[in-house]
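A.B. asks: Here's a structure for you.
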Amino acid sequence: MVAGCAAALLAGAAGTANAVDNLPPKQPLVKDLQTGSKACATGDDTVYVADPPRLEAVLYDPEEDNQASEYSPVKGEFDAWWTDAEGVEQHRTYTTVVEQSGTRQYWTMPSDIPSDTRISWHVRANDGKANSPWSDEGDGSVCSFVYDDVSPEPATITSPEYPEPDDVFWVDGVGVWGHFTVDSPSDDVVSYTYSFPGGPNGTVSASRPGVPVTLPYLPLTSGPKWLSVRAIDRSGRSSGESRYEFNVKAGRAPAAHWTLDDPAGSRSATAETGTAARAGTGVTFGGPAPTGTGATGTAALDGTGHGFLTPDAPAADLRTSFAVSAWVRPAETGRTMTVASQDAAGKPGFTLGLRAADSGPAWSFAIGGSRVTGGAPETREWAHVLGLYDAETGTARLYVNGHEVGTAADATPAEASGAFQIGRAQGTAGYRDRWHGDVGDVQVHDRVVVPDEVTELAQRKPKLLGHWSLENAADGASPEQSDGPPLRLGTGASIYRVADDSCIPELDPDCTYMPPPLAGDGHLRLDGETGYASMDGPLVDTADSFSVGVVVRLADSAPSHPMTVLSQAGEHTDAFKVRYQPADHTWQLVMPVRDEAGAPEKVVSRFEGADGGEGQGHRLAVVYDDGADTITLYVDGYTSAGATAAFPDGWHSAGALQVGRATVGDGWGEYLHGDVDEIQAYSGALRDRDIGALGWITDPCLC
């Protein structure tokens, strides 16, 4: 009896175990299925493929089947079907090899499947004992695809603004948006890849298959241009390239332009283009122009109700793209003041000017309920300001001294068909926010002014102050190239030159080789103890923009102390100095924030090993841009993030230029041991593209 009960219990246990072992695999989930690397879909979302696809499924056997340490085998049974041209349902099936549960399994469809036919498929798992439900049973779904073996037709391209040269050879122009419609005859095209020279390029999707798309394009430069396009269909197939060529003119001249360089006593401002502007009695012509610009004169506005100019007519259509710009020099910065505006109904359609705020004054461009502010106006300091509204993008931008400031803002301008104003803005009770200061070269463009043009409008061409090639010295003085002040050599300084009869050791083993000078026929040599050279006065006005270049080679491979190549002193400290700091292995530009002993210093630097008397040295350049409030150090024509910094307030220094030493305490120190050549100095800030031309025997062309 006991034996019988035991046998029954064992049989029951065995039956339970067999029941667990025989659980079928899990139904494949739709999220684990793919057609040619695309998610399983059907209906309107049916997948289109360019080649017979690889079908994929992740298959699982229940964890209860086996202990965790055991192998859980499972294989996939794929089934695909379609209806052929005779209306007969066709099937293809495939069974995979056995894989571990949870492994992705594949079936690459045969090459004889029909094209342009909806093919459906499903899959189930088999563990050798039982099958799972098909993937489309219950809450599952069938997967569908269409094999497309034909590439789309190339697109046609048209543009109303920029026709091909056969129609109009040169088209206006830089800063004018164009629109290019691309359209392939193929009705299954869903996107287009495109590329303009220099950009932009990318992919644009059609709103639905077969619908053309339009690409906006803003030419930034003149010359021959082209657009390359390829049509992409639902399967990812690409058409051949379509190429559309067109020629872009230079940007057209301003629609309105007042130089404001009229003779003193004038009562109106002559217009280069547009209508002459009558001047209020608070306007005085004949003022100074910002140096380094094409302007020859400006007008001073006294900030009263009589200080204005107006053509009594609009100068811009605010519903289209436009830009307004001017050179300005405020006589004060403590209140809001308008450089230019255009009348609307009891308010200005836009204003460009200076805005006072608790945080400090800032330049401002306001239009369509939006305002962009930035920059730091300074009393009696020239600035070029430009406000731009781009109707294509619906954005307002502000530029100060050629640089974009603030954050571009979305704007929706209202119609403003009233008169253009210089020096005031319309309010509900009359004009307000009157400008007090100088204004010149007011321009209004009826297009986008592109960044390179903004830079050019704001460019103040630097003026060469002096160039010392250091090739000779008479009576202890090395001349400036254009008979300017010489550099006087102190004790420990000499001019190094190679004798005309210098020899070549390879041809004459008894001769002593003399290395060539750094540049030209000679350079300045300093002994590192007392050697220096100096001018009789300052080289640059350190309160305004300046640029200085020099070639230098250190004699030591491991200098024991900082060595200064150039400096210019104020009353209590150097206004600037360029030195090598061996502790950091860097060249540095050091500029104290004020003329006080121990004043905080702004230091920018670039890493560079010491020369050890070998090679042709390094071409250093420093630039203080008073308009942008920045200082920058260049080494061999290059700068970096660590070699530029903000420096808002330069200060005037009257000390003489020093070559090879700097102010240290109450005396001189940081003597340089090495060679110096080609010192060049400019009033104004050189551009990046000009820096590489410094350090040679000829001066760069500041074109």
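In the structure tokens, chains take the letters A, B, ... in the order shown, each chain's residues start at 1, and ligands count up from 1 in the order shown.
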Give me the residues within 10 Å of Asp312 (chain A) as a VMD selection string, counting only C-alpha atoms and dropping any in the same chain fewer than 6 places off.

C.D. replies: chain A and resid 275 to 278 343 418 to 421

A.B. asks: For Asp536 (chain A), work out the shell of residues within 12 Å, counting only C-alpha atoms and skipping chain neighbours fewer than 2 positions away, then give it as a list in words.

C.D. replies: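 Listing them by chain and then by number gives Ala477, Gly484, Pro485, Pro486, Leu487, Arg488, Leu489, Ala533, Ser534, Pro538, Leu539, Gln568, Ala654, Gly655, Ala656, Leu657 and Gln658 of chain A.
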
A.B. asks: Just give me the gap between CA of Thr586 (chain A) and CA of Asp574 (chain A) in Å, one decimal is fine.

C.D. replies: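 A separation of 19.2 Å between them.
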
A.B. asks: Skipping near chain neighbours, those fewer than 2 positions away, what residues fall within 7 Å of Arg606 (chain A) using only C-alpha atoms, listed as a ChimeraX atom specification?

C.D. replies: /A:586-588,608,642-643
